[in-house]
Each structure stands twice: as structure tokens, then as C-alpha cells.
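Here the structure is laid out as C-alpha cells; the discussion comes afterwards.
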There are 2 protein chains.
Amino acid sequence: MLSKSSKYAIRAVLYLALHSSVEKKYSPIEIADAIDIPAPFLAKILQSLTKDDIISSIRGRNGGFYLTKKNKKNPLILVVNSIDGLHKFHECLLGLPVCSDENPCPIHHAVSPFKKQLEAELSNKSIDTLSKEVSEGKTHIFL
Amino acid sequence: MLSKSSKYAIRAVLYLALHSSVEKKYSPIEIADAIDIPAPFLAKILQSLTKDDIISSIRGRNGGFYLTKKNKKNPLILVVNSIDGLHKFHECLLGLPVCSDENPCPIHHAVSPFKKQLEAELSNKSIDTLSKEVSEGKTHIFL
DNA sequence: AAAATTTAAGATAAAATTATCTTCATAATT
DNA sequence: AATTATGAAGATAATTTTATCTTAAATTTT
């Protein structure tokens with residue numbers, strides 16, 4: 001459903017939301033080490049997110065990746081949208097080109113409500129909110 | 001979430017459930033044409049399903065693939081299990097090695113009920129039942 | 001201004017998935 | 001028995017995704 005890139009991206013963004021600020025920036029290597037994913041691959045993902053203004057970066061000495069307050073207020077779904085595109089949430093689980101409430105595939109009604117709920121969840125909850133659940137120990141991004 | 005192989009497999013099996021019998025067998029080409037997927041790839045998938053005794057085949061002249069009554073009584077999840085393995089339903093959507101009700105990832109609670117219901121749906125409904133919904137026009141495997 | 005450090009960008013490589021092809025074995029028909 | 005039609009099996013190829021590497025540009029520190 002989600003590409004590895006999106007999965008890595010979500011975890012990295014939440015990591016940055018938890019730990020970074022304008023004063024404390026992170027290199028791809030630091031983040032990759034912390035959440036156990038390949039660093040050069042993550043670097044590419046972070047670049048892409050930066051271009052879409054979902055995370056922030058400063059280059060040169062003492063540079064790195066970080067999240068501004070504004071960045072943190074964005075819904076997490078922007079991350080998925082940037083990497084995979086939102087169509088991932090709308091695609092038929094059986095790969096049928098036509099699959100809707102009117103013309104459902106055999107498992108549509110078991111799948112559809114949850115795609116909607118997941119999309120809503122990611123659209124309504126900000127990066128900030130979700131990262132706070134991590135800092136409170138309710139959820140995790142590493143274990 | 002599901003591989004293309006699994007998606008093709010589900011549709012092909014439901015197609016066979018709808019149309020085939022010991023008297024009326026189908027070649028991979030016929031099925032592939034009917035549901036618009038690549039025939040040689042489907043041939044491989046059908047062979048694999050045959051080995052796992054989820055569908056039936058007879059080779060040689062007038063041979064082909066078909067479903068016995070027994071085959072049709074199986075739950076559809078056997079198809080996914082045979083091709084992808086059931087772990088597909090149990091994996092964390094963020095790819096975390098540990099993700100459970102006790103140790104949830106940030107989107108676990110939005111995802112978990114969905115995976116459970118979908119797995120239940122595929123486990124409880126037989127190939128026969130689901131194919132009947134197709135023949136009644138309630139769902140479709142091609143459009 | 002030079003050196004050091006860090007992201008940006010583009011090229012390349014490896015791995016996994018999807019797709020095809022070729023040869024072989026089997027069964028029915030003639 | 002020969003021919004024909006069909007699935008089985010294994011080899012190969014194409015594509016996509018994932019991962020890495022190299023060079024360039026930018027910024028800070030010295």
C-alpha cells in the first residue's frame with residue numbers, strides 16, 4: 001500500500017518533529033541511525049520532502065534537516081502525498097481500474113471504509129500531534 | 001499491501017469459480033483475455049496455485065484449469081496465503097518490526113481493525129460465496 | 001580567503017517484482 | 001503410433017523500486 005520511501009519518510013519526519021528545531025538540525029546519517037534505515041536512501045527522501053516544503057533544511061557547515069513550527073502543523077498525509085501521491089489511498093486493492101461504491105470489487109466494502117478512515121486520520125492529525133503521541137510513549141517509530 | 005500476483009490470482013480464481021467446471025476448463029490465455037492481465041504471467045500464477053491444490057488442472061489435449069466443488073469451498077484467503085503469505089496481513093504499515101496493540105506505531109490503531117476485518121472477510125467467505133456475489137452483479141472482477 | 005562540513009543533484013548499481021520465452025511432459029484424438 | 005493441444009518447469013528479460021556513489025553548491029568557521 002505504502003512504498004518503503006513513504007514509510008521511511010513518515011518515520012523520519014516524526015523523528016525530526018520529536019527532536020529537531022532551528023537550533024538543532026540533523027544529518028541523514030543521524031536520523032537513519034536512530035530509526036534504522038539506509039542513510040543514503042533517506043538522504044534522497046529528505047531532499048524530496050524539502051523541495052515540497054514539508055521539512056526544512058540548511059546546507060553548509062552546521063546545516064542539516066529540521067522542522068519549523070509551521071512544518072509541524074502540517075497533516076502527516078502531506079508526506080505520503082509528496083512521496084507516493086494520494087492515489088495510493090484511492091486505488092482498488094485488487095488493482096481494478098474501476099472500483100467504487102457503485103461498482104465494487106469483491107472486497108471493496110471490506111476495504112473502502114478503512115482506506116477512508118486511514119486517509120482521514122492522516123489528514124486530520126498534524127505531524128505535531130502524532131509526534132507528541134510518540135513522545136508520550138503511546139506510540140513508537142523505532143522499536 | 002497485496003502483490004500484483006495475488007491480485008491477479010484472486011481475480012483469476014473468481015473467474016474460474018464463475019465459469020469453470022470439470023467439463024469446462026480454461027487456458028491461461030482465455031482467463032487472461034477475460035480479465036485483462038498478462039497471460040504468461042498468469043500461467044505461472046495458476047501453476048503455483050495448482051501445486052498448492054487451490055485450483056485444479058489437467059494437462060494434455062482438452063486440458064486446462066478449473067475449480068472442483070471442493071476447491072470452491074475454500075476461503076479466498078488461501079489464494080493470498082499461497083502467493084504472498086499471510087504475513088502480508090500482519091505487517092506494520094510503516095514497516096516497523098515491532099507493532100502491536102501493546103507497542104503500536106503511530107498509525108496502528110487506524111490500521112489494525114482494517115487488517116483484521118479484511119483477513120476475517122477473506123477467511124470466512126468462500127471462493128464460491130464471493131463468486132456468487134459477482135454472478136449476481138453485486139461485485140465485479142473485470143470492469 | 002581557505003578549509004571544513006553539510007545539503008543538492010545527478011549518475012549508477014543492486015534487488016525485487018513483474019513479465020516472457022523455450023523446452024519438456026502429458027493426455028486425447030486420429 | 002503419430003499428431004496435436006495443453007500444463008509444468010526452468011531460463012531469461014524487462015521494469016520498478018530500493019539503495020549507493022560521486023561531484024557540485026552552499027554556509028560557517030578559522
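Naming works like this for the C-alpha cells: A, B, ... for the chains as they're shown, residue 1 at the start of each chain, ligands 1 onward in shown order.
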Chain B superposed on chain A over all ordered C-alpha pairs, least squares: can you write that as a short mmCIF file (atom, residue, chain, number, x, y, z; two decimals) with N, CA and C atoms, in the first residue's frame?
```
data_model
loop_
_atom_site.label_atom_id
_atom_site.label_comp_id
_atom_site.auth_asym_id
_atom_site.auth_seq_id
_atom_site.Cartn_x
_atom_site.Cartn_y
_atom_site.Cartn_z
N MET B 1 0.87 -1.25 0.01
CA MET B 1 0.04 -0.04 -0.01
C MET B 1 0.90 1.22 0.00
N LEU B 2 1.74 1.36 1.01
CA LEU B 2 2.70 2.46 1.00
C LEU B 2 4.05 1.94 0.53
N SER B 3 4.76 2.74 -0.24
CA SER B 3 6.12 2.37 -0.64
C SER B 3 7.05 2.47 0.56
N LYS B 4 8.19 1.80 0.44
CA LYS B 4 9.18 1.91 1.51
C LYS B 4 9.59 3.35 1.71
N SER B 5 9.69 4.07 0.62
CA SER B 5 10.06 5.48 0.70
C SER B 5 9.10 6.25 1.60
N SER B 6 7.82 6.03 1.43
CA SER B 6 6.82 6.70 2.27
C SER B 6 6.94 6.28 3.73
N LYS B 7 7.15 5.00 3.93
CA LYS B 7 7.28 4.51 5.31
C LYS B 7 8.48 5.16 6.00
N TYR B 8 9.62 5.15 5.30
CA TYR B 8 10.81 5.78 5.85
C TYR B 8 10.54 7.27 6.10
N ALA B 9 9.88 7.89 5.13
CA ALA B 9 9.63 9.33 5.22
C ALA B 9 8.80 9.67 6.45
N ILE B 10 7.73 8.93 6.68
CA ILE B 10 6.87 9.19 7.83
C ILE B 10 7.66 9.09 9.12
N ARG B 11 8.43 8.02 9.24
CA ARG B 11 9.18 7.82 10.47
C ARG B 11 10.23 8.91 10.66
N ALA B 12 10.90 9.26 9.57
CA ALA B 12 11.95 10.28 9.66
C ALA B 12 11.35 11.64 10.03
N VAL B 13 10.21 11.96 9.44
CA VAL B 13 9.57 13.25 9.73
C VAL B 13 9.13 13.29 11.19
N LEU B 14 8.57 12.19 11.68
CA LEU B 14 8.17 12.18 13.09
C LEU B 14 9.39 12.27 14.00
N TYR B 15 10.47 11.65 13.56
CA TYR B 15 11.71 11.76 14.34
C TYR B 15 12.15 13.22 14.43
N LEU B 16 12.12 13.89 13.30
CA LEU B 16 12.51 15.30 13.29
C LEU B 16 11.55 16.15 14.11
N ALA B 17 10.26 15.82 14.04
CA ALA B 17 9.27 16.56 14.83
C ALA B 17 9.57 16.44 16.31
N LEU B 18 10.04 15.26 16.69
CA LEU B 18 10.33 15.01 18.10
C LEU B 18 11.60 15.72 18.58
N HIS B 19 12.62 15.71 17.73
CA HIS B 19 13.95 16.11 18.21
C HIS B 19 14.49 17.41 17.63
N SER B 20 14.03 17.81 16.47
CA SER B 20 14.72 18.91 15.79
C SER B 20 14.08 20.27 16.06
N SER B 21 14.84 21.29 15.73
CA SER B 21 14.37 22.68 15.76
C SER B 21 15.37 23.49 14.94
N VAL B 22 15.13 24.78 14.79
CA VAL B 22 16.08 25.58 14.02
C VAL B 22 17.46 25.50 14.65
N GLU B 23 17.49 25.37 15.97
CA GLU B 23 18.79 25.33 16.66
C GLU B 23 19.44 23.95 16.58
N LYS B 24 18.60 22.92 16.43
CA LYS B 24 19.14 21.56 16.46
C LYS B 24 18.74 20.82 15.19
N LYS B 25 19.68 20.75 14.24
CA LYS B 25 19.40 20.12 12.96
C LYS B 25 20.04 18.74 12.90
N TYR B 26 19.53 17.93 12.00
CA TYR B 26 20.03 16.55 11.91
C TYR B 26 20.48 16.20 10.51
N SER B 27 21.56 15.42 10.45
CA SER B 27 22.02 14.89 9.17
C SER B 27 21.24 13.61 8.87
N PRO B 28 21.17 13.23 7.58
CA PRO B 28 20.51 11.97 7.22
C PRO B 28 21.10 10.79 7.99
N ILE B 29 22.40 10.83 8.22
CA ILE B 29 23.06 9.72 8.92
C ILE B 29 22.55 9.58 10.35
N GLU B 30 22.41 10.72 11.02
CA GLU B 30 21.92 10.67 12.41
C GLU B 30 20.52 10.09 12.48
N ILE B 31 19.67 10.57 11.58
CA ILE B 31 18.28 10.10 11.57
C ILE B 31 18.23 8.62 11.22
N ALA B 32 18.97 8.27 10.16
CA ALA B 32 18.96 6.89 9.69
C ALA B 32 19.44 5.93 10.78
N ASP B 33 20.46 6.35 11.50
CA ASP B 33 20.96 5.52 12.61
C ASP B 33 19.88 5.36 13.67
N ALA B 34 19.20 6.46 13.96
CA ALA B 34 18.23 6.46 15.05
C ALA B 34 17.03 5.56 14.76
N ILE B 35 16.58 5.55 13.52
CA ILE B 35 15.39 4.76 13.23
C ILE B 35 15.70 3.54 12.36
N ASP B 36 17.00 3.29 12.15
CA ASP B 36 17.45 2.06 11.51
C ASP B 36 16.95 1.88 10.07
N ILE B 37 17.31 2.82 9.25
CA ILE B 37 17.03 2.72 7.83
C ILE B 37 18.28 3.15 7.06
N PRO B 38 18.39 2.82 5.77
CA PRO B 38 19.60 3.16 5.00
C PRO B 38 19.77 4.66 4.79
N ALA B 39 20.92 5.17 5.19
CA ALA B 39 21.15 6.62 5.22
C ALA B 39 21.13 7.28 3.83
N PRO B 40 21.84 6.74 2.83
CA PRO B 40 21.84 7.45 1.54
C PRO B 40 20.45 7.48 0.90
N PHE B 41 19.70 6.42 1.15
CA PHE B 41 18.34 6.39 0.61
C PHE B 41 17.48 7.45 1.31
N LEU B 42 17.65 7.52 2.61
CA LEU B 42 16.91 8.52 3.37
C LEU B 42 17.28 9.92 2.92
N ALA B 43 18.56 10.12 2.62
CA ALA B 43 19.02 11.45 2.18
C ALA B 43 18.20 11.91 0.98
N LYS B 44 17.99 10.99 0.04
CA LYS B 44 17.20 11.31 -1.14
C LYS B 44 15.76 11.69 -0.78
N ILE B 45 15.21 10.93 0.13
CA ILE B 45 13.83 11.18 0.55
C ILE B 45 13.72 12.55 1.21
N LEU B 46 14.69 12.87 2.06
CA LEU B 46 14.66 14.15 2.76
C LEU B 46 14.79 15.31 1.77
N GLN B 47 15.64 15.13 0.77
CA GLN B 47 15.77 16.17 -0.25
C GLN B 47 14.43 16.43 -0.93
N SER B 48 13.77 15.32 -1.25
CA SER B 48 12.49 15.43 -1.93
C SER B 48 11.44 16.13 -1.06
N LEU B 49 11.42 15.78 0.22
CA LEU B 49 10.47 16.42 1.15
C LEU B 49 10.79 17.90 1.31
N THR B 50 12.08 18.22 1.27
CA THR B 50 12.48 19.62 1.38
C THR B 50 11.96 20.43 0.19
N LYS B 51 12.09 19.82 -1.01
CA LYS B 51 11.63 20.52 -2.20
C LYS B 51 10.14 20.83 -2.12
N ASP B 52 9.39 19.93 -1.49
CA ASP B 52 7.95 20.13 -1.35
C ASP B 52 7.59 20.93 -0.10
N ASP B 53 8.63 21.43 0.58
CA ASP B 53 8.43 22.31 1.72
C ASP B 53 7.70 21.63 2.88
N ILE B 54 7.94 20.34 3.03
CA ILE B 54 7.32 19.60 4.12
C ILE B 54 8.27 19.53 5.31
N ILE B 55 9.55 19.51 4.99
CA ILE B 55 10.57 19.68 6.03
C ILE B 55 11.49 20.83 5.60
N SER B 56 12.38 21.23 6.50
CA SER B 56 13.26 22.35 6.19
C SER B 56 14.71 21.88 6.23
N SER B 57 15.56 22.57 5.50
CA SER B 57 16.98 22.22 5.55
C SER B 57 17.82 23.47 5.37
N ILE B 58 19.00 23.38 5.91
CA ILE B 58 20.00 24.43 5.66
C ILE B 58 21.29 23.72 5.32
N ARG B 59 21.91 24.15 4.23
CA ARG B 59 23.16 23.45 3.89
C ARG B 59 24.38 24.22 4.33
N GLY B 60 25.52 23.58 4.10
CA GLY B 60 26.76 24.16 4.58
C GLY B 60 27.00 23.76 6.02
N ARG B 61 28.12 24.19 6.50
CA ARG B 61 28.53 23.84 7.87
C ARG B 61 27.44 24.18 8.88
N ASN B 62 27.26 23.27 9.83
CA ASN B 62 26.19 23.39 10.85
C ASN B 62 24.78 23.32 10.26
N GLY B 63 24.73 22.87 9.01
CA GLY B 63 23.42 22.71 8.39
C GLY B 63 22.79 21.40 8.80
N GLY B 64 21.69 21.08 8.14
CA GLY B 64 21.00 19.83 8.44
C GLY B 64 19.52 19.97 8.18
N PHE B 65 18.79 18.91 8.52
CA PHE B 65 17.35 18.92 8.33
C PHE B 65 16.65 19.17 9.66
N TYR B 66 15.52 19.86 9.58
CA TYR B 66 14.76 20.16 10.79
C TYR B 66 13.34 20.53 10.42
N LEU B 67 12.52 20.68 11.44
CA LEU B 67 11.13 21.10 11.20
C LEU B 67 10.86 22.43 11.87
N THR B 68 10.27 23.34 11.13
CA THR B 68 9.81 24.60 11.72
C THR B 68 8.45 24.35 12.38
N LYS B 69 8.01 25.34 13.16
CA LYS B 69 6.69 25.22 13.78
C LYS B 69 5.62 25.03 12.70
N LYS B 70 5.81 25.76 11.62
CA LYS B 70 4.85 25.68 10.51
C LYS B 70 4.86 24.25 9.93
N ASN B 71 6.05 23.72 9.71
CA ASN B 71 6.16 22.36 9.20
C ASN B 71 5.39 21.38 10.08
N LYS B 72 5.52 21.58 11.39
CA LYS B 72 4.92 20.63 12.34
C LYS B 72 3.40 20.69 12.33
N LYS B 73 2.87 21.80 11.89
CA LYS B 73 1.41 21.94 11.87
C LYS B 73 0.76 21.22 10.70
N ASN B 74 1.57 20.86 9.72
CA ASN B 74 1.02 20.15 8.55
C ASN B 74 0.47 18.78 8.93
N PRO B 75 -0.58 18.33 8.24
CA PRO B 75 -1.05 16.97 8.45
C PRO B 75 -0.03 15.97 7.89
N LEU B 76 0.05 14.82 8.51
CA LEU B 76 1.04 13.83 8.09
C LEU B 76 0.81 13.35 6.66
N ILE B 77 -0.40 13.47 6.20
CA ILE B 77 -0.69 12.94 4.86
C ILE B 77 0.10 13.65 3.77
N LEU B 78 0.54 14.88 4.06
CA LEU B 78 1.36 15.58 3.07
C LEU B 78 2.63 14.81 2.75
N VAL B 79 3.12 14.08 3.73
CA VAL B 79 4.33 13.28 3.50
C VAL B 79 4.06 12.19 2.48
N VAL B 80 2.98 11.44 2.71
CA VAL B 80 2.61 10.38 1.77
C VAL B 80 2.31 10.97 0.40
N ASN B 81 1.60 12.06 0.40
CA ASN B 81 1.25 12.72 -0.85
C ASN B 81 2.49 13.09 -1.63
N SER B 82 3.48 13.63 -0.92
CA SER B 82 4.70 14.07 -1.58
C SER B 82 5.47 12.91 -2.18
N ILE B 83 5.53 11.80 -1.47
CA ILE B 83 6.36 10.66 -1.92
C ILE B 83 5.60 9.74 -2.87
N ASP B 84 4.46 9.27 -2.43
CA ASP B 84 3.72 8.28 -3.22
C ASP B 84 2.59 8.89 -4.05
N GLY B 85 2.04 9.97 -3.56
CA GLY B 85 0.83 10.52 -4.17
C GLY B 85 -0.41 9.95 -3.49
N LEU B 86 -1.45 10.72 -3.46
CA LEU B 86 -2.65 10.32 -2.72
C LEU B 86 -3.41 9.18 -3.38
N HIS B 87 -3.17 8.96 -4.66
CA HIS B 87 -3.89 7.88 -5.35
C HIS B 87 -3.69 6.54 -4.65
N LYS B 88 -2.59 6.42 -3.91
CA LYS B 88 -2.34 5.18 -3.17
C LYS B 88 -3.51 4.82 -2.26
N PHE B 89 -4.20 5.86 -1.79
CA PHE B 89 -5.32 5.63 -0.88
C PHE B 89 -6.61 5.35 -1.63
N HIS B 90 -6.60 5.65 -2.90
CA HIS B 90 -7.84 5.55 -3.66
C HIS B 90 -7.85 4.33 -4.57
N GLU B 91 -6.69 3.71 -4.71
CA GLU B 91 -6.61 2.56 -5.61
C GLU B 91 -7.37 1.35 -5.07
N CYS B 92 -7.90 0.59 -6.02
CA CYS B 92 -8.57 -0.67 -5.68
C CYS B 92 -7.53 -1.67 -5.18
N LEU B 93 -7.87 -2.37 -4.13
CA LEU B 93 -6.93 -3.34 -3.56
C LEU B 93 -6.71 -4.53 -4.49
N LEU B 94 -7.60 -4.74 -5.42
CA LEU B 94 -7.41 -5.81 -6.41
C LEU B 94 -6.83 -5.27 -7.71
N GLY B 95 -6.53 -3.96 -7.73
CA GLY B 95 -5.93 -3.37 -8.91
C GLY B 95 -6.89 -3.09 -10.04
N LEU B 96 -8.19 -3.14 -9.77
CA LEU B 96 -9.16 -2.87 -10.84
C LEU B 96 -9.21 -1.38 -11.16
N PRO B 97 -9.29 -1.04 -12.43
CA PRO B 97 -9.33 0.38 -12.82
C PRO B 97 -10.63 1.04 -12.37
N VAL B 98 -11.72 0.28 -12.34
CA VAL B 98 -12.99 0.80 -11.83
C VAL B 98 -13.35 0.05 -10.56
N CYS B 99 -13.47 0.78 -9.45
CA CYS B 99 -13.87 0.16 -8.20
C CYS B 99 -14.38 1.25 -7.27
N SER B 100 -15.68 1.31 -7.10
CA SER B 100 -16.31 2.36 -6.32
C SER B 100 -17.49 1.77 -5.56
N ASP B 101 -18.15 2.59 -4.76
CA ASP B 101 -19.33 2.12 -4.05
C ASP B 101 -20.38 1.61 -5.05
N GLU B 102 -20.42 2.26 -6.20
CA GLU B 102 -21.41 1.87 -7.22
C GLU B 102 -20.97 0.62 -7.98
N ASN B 103 -19.68 0.55 -8.22
CA ASN B 103 -19.13 -0.59 -8.97
C ASN B 103 -18.00 -1.25 -8.19
N PRO B 104 -18.35 -1.95 -7.13
CA PRO B 104 -17.33 -2.45 -6.21
C PRO B 104 -16.68 -3.75 -6.68
N CYS B 105 -15.41 -3.91 -6.34
CA CYS B 105 -14.75 -5.20 -6.51
C CYS B 105 -15.22 -6.11 -5.37
N PRO B 106 -14.89 -7.39 -5.44
CA PRO B 106 -15.40 -8.33 -4.43
C PRO B 106 -15.02 -8.02 -2.98
N ILE B 107 -13.94 -7.24 -2.78
CA ILE B 107 -13.58 -6.95 -1.39
C ILE B 107 -13.69 -5.45 -1.07
N HIS B 108 -14.32 -4.73 -1.98
CA HIS B 108 -14.42 -3.27 -1.82
C HIS B 108 -15.01 -2.86 -0.48
N HIS B 109 -16.12 -3.46 -0.10
CA HIS B 109 -16.80 -2.98 1.10
C HIS B 109 -16.06 -3.34 2.38
N ALA B 110 -15.14 -4.28 2.27
CA ALA B 110 -14.32 -4.61 3.45
C ALA B 110 -13.10 -3.69 3.52
N VAL B 111 -12.79 -3.07 2.40
CA VAL B 111 -11.57 -2.28 2.30
C VAL B 111 -11.85 -0.79 2.36
N SER B 112 -12.92 -0.38 1.71
CA SER B 112 -13.19 1.03 1.52
C SER B 112 -13.24 1.84 2.82
N PRO B 113 -13.97 1.40 3.84
CA PRO B 113 -14.01 2.19 5.08
C PRO B 113 -12.64 2.36 5.69
N PHE B 114 -11.83 1.34 5.54
CA PHE B 114 -10.46 1.37 6.06
C PHE B 114 -9.65 2.47 5.40
N LYS B 115 -9.69 2.49 4.07
CA LYS B 115 -8.92 3.51 3.35
C LYS B 115 -9.41 4.90 3.74
N LYS B 116 -10.71 5.04 3.86
CA LYS B 116 -11.25 6.36 4.21
C LYS B 116 -10.81 6.79 5.60
N GLN B 117 -10.90 5.86 6.56
CA GLN B 117 -10.53 6.23 7.92
C GLN B 117 -9.05 6.55 8.03
N LEU B 118 -8.24 5.73 7.33
CA LEU B 118 -6.81 5.97 7.39
C LEU B 118 -6.46 7.31 6.78
N GLU B 119 -7.07 7.60 5.65
CA GLU B 119 -6.80 8.89 5.00
C GLU B 119 -7.26 10.04 5.89
N ALA B 120 -8.43 9.86 6.52
CA ALA B 120 -8.93 10.90 7.42
C ALA B 120 -7.98 11.11 8.59
N GLU B 121 -7.54 10.00 9.14
CA GLU B 121 -6.60 10.05 10.27
C GLU B 121 -5.34 10.84 9.91
N LEU B 122 -4.79 10.52 8.76
CA LEU B 122 -3.56 11.19 8.34
C LEU B 122 -3.81 12.63 7.91
N SER B 123 -5.02 12.91 7.48
CA SER B 123 -5.35 14.28 7.06
C SER B 123 -5.66 15.17 8.25
N ASN B 124 -6.25 14.58 9.29
CA ASN B 124 -6.70 15.39 10.42
C ASN B 124 -5.63 15.57 11.49
N LYS B 125 -4.79 14.57 11.64
CA LYS B 125 -3.78 14.70 12.68
C LYS B 125 -2.51 15.34 12.12
N SER B 126 -2.03 16.34 12.84
CA SER B 126 -0.83 17.03 12.39
C SER B 126 0.40 16.21 12.77
N ILE B 127 1.49 16.52 12.09
CA ILE B 127 2.77 15.91 12.43
C ILE B 127 3.06 16.12 13.90
N ASP B 128 2.78 17.33 14.36
CA ASP B 128 2.98 17.68 15.75
C ASP B 128 2.20 16.76 16.69
N THR B 129 0.92 16.61 16.43
CA THR B 129 0.05 15.78 17.25
C THR B 129 0.57 14.34 17.32
N LEU B 130 0.89 13.81 16.15
CA LEU B 130 1.34 12.42 16.12
C LEU B 130 2.69 12.25 16.80
N SER B 131 3.56 13.25 16.67
CA SER B 131 4.87 13.13 17.31
C SER B 131 4.73 13.21 18.83
N LYS B 132 3.71 13.96 19.27
CA LYS B 132 3.51 14.04 20.72
C LYS B 132 3.08 12.71 21.29
N GLU B 133 2.27 11.99 20.52
CA GLU B 133 1.87 10.65 20.97
C GLU B 133 3.10 9.74 21.11
N VAL B 134 4.08 10.00 20.24
CA VAL B 134 5.32 9.22 20.36
C VAL B 134 6.08 9.62 21.61
N SER B 135 6.19 10.94 21.82
CA SER B 135 6.97 11.40 22.99
C SER B 135 6.29 11.00 24.29
N GLU B 136 4.98 10.85 24.27
CA GLU B 136 4.25 10.42 25.48
C GLU B 136 4.32 8.91 25.68
N GLY B 137 4.96 8.23 24.74
CA GLY B 137 5.11 6.77 24.87
C GLY B 137 3.89 5.99 24.43
N LYS B 138 2.92 6.69 23.86
CA LYS B 138 1.72 5.99 23.39
C LYS B 138 2.01 5.17 22.13
N THR B 139 2.85 5.72 21.28
CA THR B 139 3.24 5.01 20.04
C THR B 139 4.75 5.12 19.88
N HIS B 140 5.27 4.41 18.88
CA HIS B 140 6.72 4.46 18.68
C HIS B 140 7.05 4.43 17.19
N ILE B 141 8.26 4.90 16.85
CA ILE B 141 8.68 4.92 15.45
C ILE B 141 9.96 4.12 15.24
N PHE B 142 10.37 3.40 16.27
CA PHE B 142 11.63 2.67 16.09
C PHE B 142 11.56 1.19 16.43
N LEU B 143 11.18 0.89 17.63
CA LEU B 143 11.19 -0.50 18.11
C LEU B 143 10.89 -1.55 17.04
#
```
Inset, instruction - Could you please tell me, as a VMD selection string, which residues of chain D have an atom within 10 Å of chain A when using only C-alpha atoms (C1' of nucleotides)? - result: chain D and resid 17 to 21 25 to 29
Same residues, C-alpha atoms (C1' of nucleotides), saved as a PDB file, in the first residue's frame:
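Written out: part-v8.pdb:
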```pdb
ATOM      1  C1'  DT D  17      11.810   0.015  -6.523  1.00  0.00           C
ATOM      2  C1'  DT D  18      15.347   0.456  -3.422  1.00  0.00           C
ATOM      3  C1'  DA D  19      19.987   1.725  -2.431  1.00  0.00           C
ATOM      4  C1'  DT D  20      24.551   3.872  -3.203  1.00  0.00           C
ATOM      5  C1'  DC D  21      28.104   6.837  -5.011  1.00  0.00           C
ATOM      6  C1'  DA D  25      26.962  24.119  -4.389  1.00  0.00           C
ATOM      7  C1'  DA D  26      26.373  26.493  -0.118  1.00  0.00           C
ATOM      8  C1'  DT D  27      27.415  28.084   4.521  1.00  0.00           C
ATOM      9  C1'  DT D  28      30.128  28.576   8.642  1.00  0.00           C
ATOM     10  C1'  DT D  29      34.410  28.781  10.964  1.00  0.00           C
TER      11       DT D  29
END
```
Pick out the residues sitting within 9 Å of DT15 (chain D), and hand them over as a PDB file with C-alpha atoms (C1' of nucleotides), in the first residue's frame; count only C-alpha atoms (C1' of nucleotides), and ignore anything fewer than 2 positions along from it in its own chain.
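The new file out_23.pdb reads:
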```pdb
ATOM      1  C1'  DT C  17       8.919  -7.813  -8.832  1.00  0.00           C
ATOM      2  C1'  DT C  18       6.660  -8.499 -12.993  1.00  0.00           C
ATOM      3  C1'  DA C  19       6.647 -10.459 -17.496  1.00  0.00           C
TER       4       DA C  19
END
```
Inset, instruction - Name the residues of chain B that fall into strand (DSSP E or B) according to DSSP on the backbone, using the chain letters and numbers of this document, as a VMD selection string. - result: chain B and resid 26 56 to 58 64 to 66 75 126
Please save N, CA, C and O atoms of the selected residues as an mmCIF file, in the first residue's frame.
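Output (result_32.cif):
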```cif
data_model
loop_
_atom_site.group_PDB
_atom_site.id
_atom_site.type_symbol
_atom_site.label_atom_id
_atom_site.label_comp_id
_atom_site.auth_asym_id
_atom_site.auth_seq_id
_atom_site.Cartn_x
_atom_site.Cartn_y
_atom_site.Cartn_z
ATOM 1 N N TYR B 26 -10.309 -23.977 -18.603
ATOM 2 C CA TYR B 26 -9.835 -22.757 -19.254
ATOM 3 C C TYR B 26 -8.317 -22.716 -19.346
ATOM 4 O O TYR B 26 -7.609 -23.125 -18.429
ATOM 5 N N SER B 56 -7.531 -26.563 -9.774
ATOM 6 C CA SER B 56 -7.233 -27.867 -10.356
ATOM 7 C C SER B 56 -6.825 -27.703 -11.809
ATOM 8 O O SER B 56 -7.205 -26.722 -12.464
ATOM 9 N N SER B 57 -6.055 -28.645 -12.307
ATOM 10 C CA SER B 57 -5.673 -28.587 -13.716
ATOM 11 C C SER B 57 -5.539 -29.989 -14.271
ATOM 12 O O SER B 57 -5.297 -30.953 -13.549
ATOM 13 N N ILE B 58 -5.743 -30.060 -15.557
ATOM 14 C CA ILE B 58 -5.463 -31.310 -16.269
ATOM 15 C C ILE B 58 -4.678 -30.933 -17.509
ATOM 16 O O ILE B 58 -5.030 -29.978 -18.207
ATOM 17 N N GLY B 64 -6.729 -28.032 -19.083
ATOM 18 C CA GLY B 64 -6.940 -26.639 -18.706
ATOM 19 C C GLY B 64 -7.090 -26.517 -17.205
ATOM 20 O O GLY B 64 -6.938 -27.493 -16.461
ATOM 21 N N PHE B 65 -7.392 -25.301 -16.775
ATOM 22 C CA PHE B 65 -7.575 -25.045 -15.348
ATOM 23 C C PHE B 65 -9.058 -24.953 -15.019
ATOM 24 O O PHE B 65 -9.850 -24.469 -15.816
ATOM 25 N N TYR B 66 -9.394 -25.408 -13.821
ATOM 26 C CA TYR B 66 -10.792 -25.364 -13.403
ATOM 27 C C TYR B 66 -10.871 -25.500 -11.893
ATOM 28 O O TYR B 66 -9.868 -25.764 -11.231
ATOM 29 N N PRO B 75 -11.841 -20.906 1.574
ATOM 30 C CA PRO B 75 -11.894 -19.463 1.749
ATOM 31 C C PRO B 75 -10.910 -18.788 0.795
ATOM 32 O O PRO B 75 -9.853 -19.352 0.461
ATOM 33 N N SER B 126 -16.172 -18.009 1.358
ATOM 34 C CA SER B 126 -15.584 -18.980 0.446
ATOM 35 C C SER B 126 -15.476 -18.378 -0.952
ATOM 36 O O SER B 126 -16.144 -17.393 -1.284
#
```
Legend entry - Proximal residues of chain C relative to chain B (only C-alpha atoms (C1' of nucleotides); 6 Å) as a ChimeraX atom specification: /C:19,26-28
Legend entry - Those of chain B in DSSP alpha helix (DSSP H), formatted as a VMD selection string: chain B and resid 4 to 19 28 to 35 39 to 51 69 to 73 77 to 83 87 to 90 108 to 124 127 to 135
Inset, instruction - Measuring atom to atom with only C-alpha atoms (C1' of nucleotides), identify which of C:DA8, C:DA14, C:DA3, C:DA25 is nearest to DG7 (chain D). - result: C:DA25
Inset, instruction - Name the residues in contact with DC24 (chain C) at a cut-off of 10 Å, using only C-alpha atoms (C1' of nucleotides), excluding same-chain residues fewer than 5 positions from it; report them as a PyMOL selection string. - result: chain D and resi 8-10
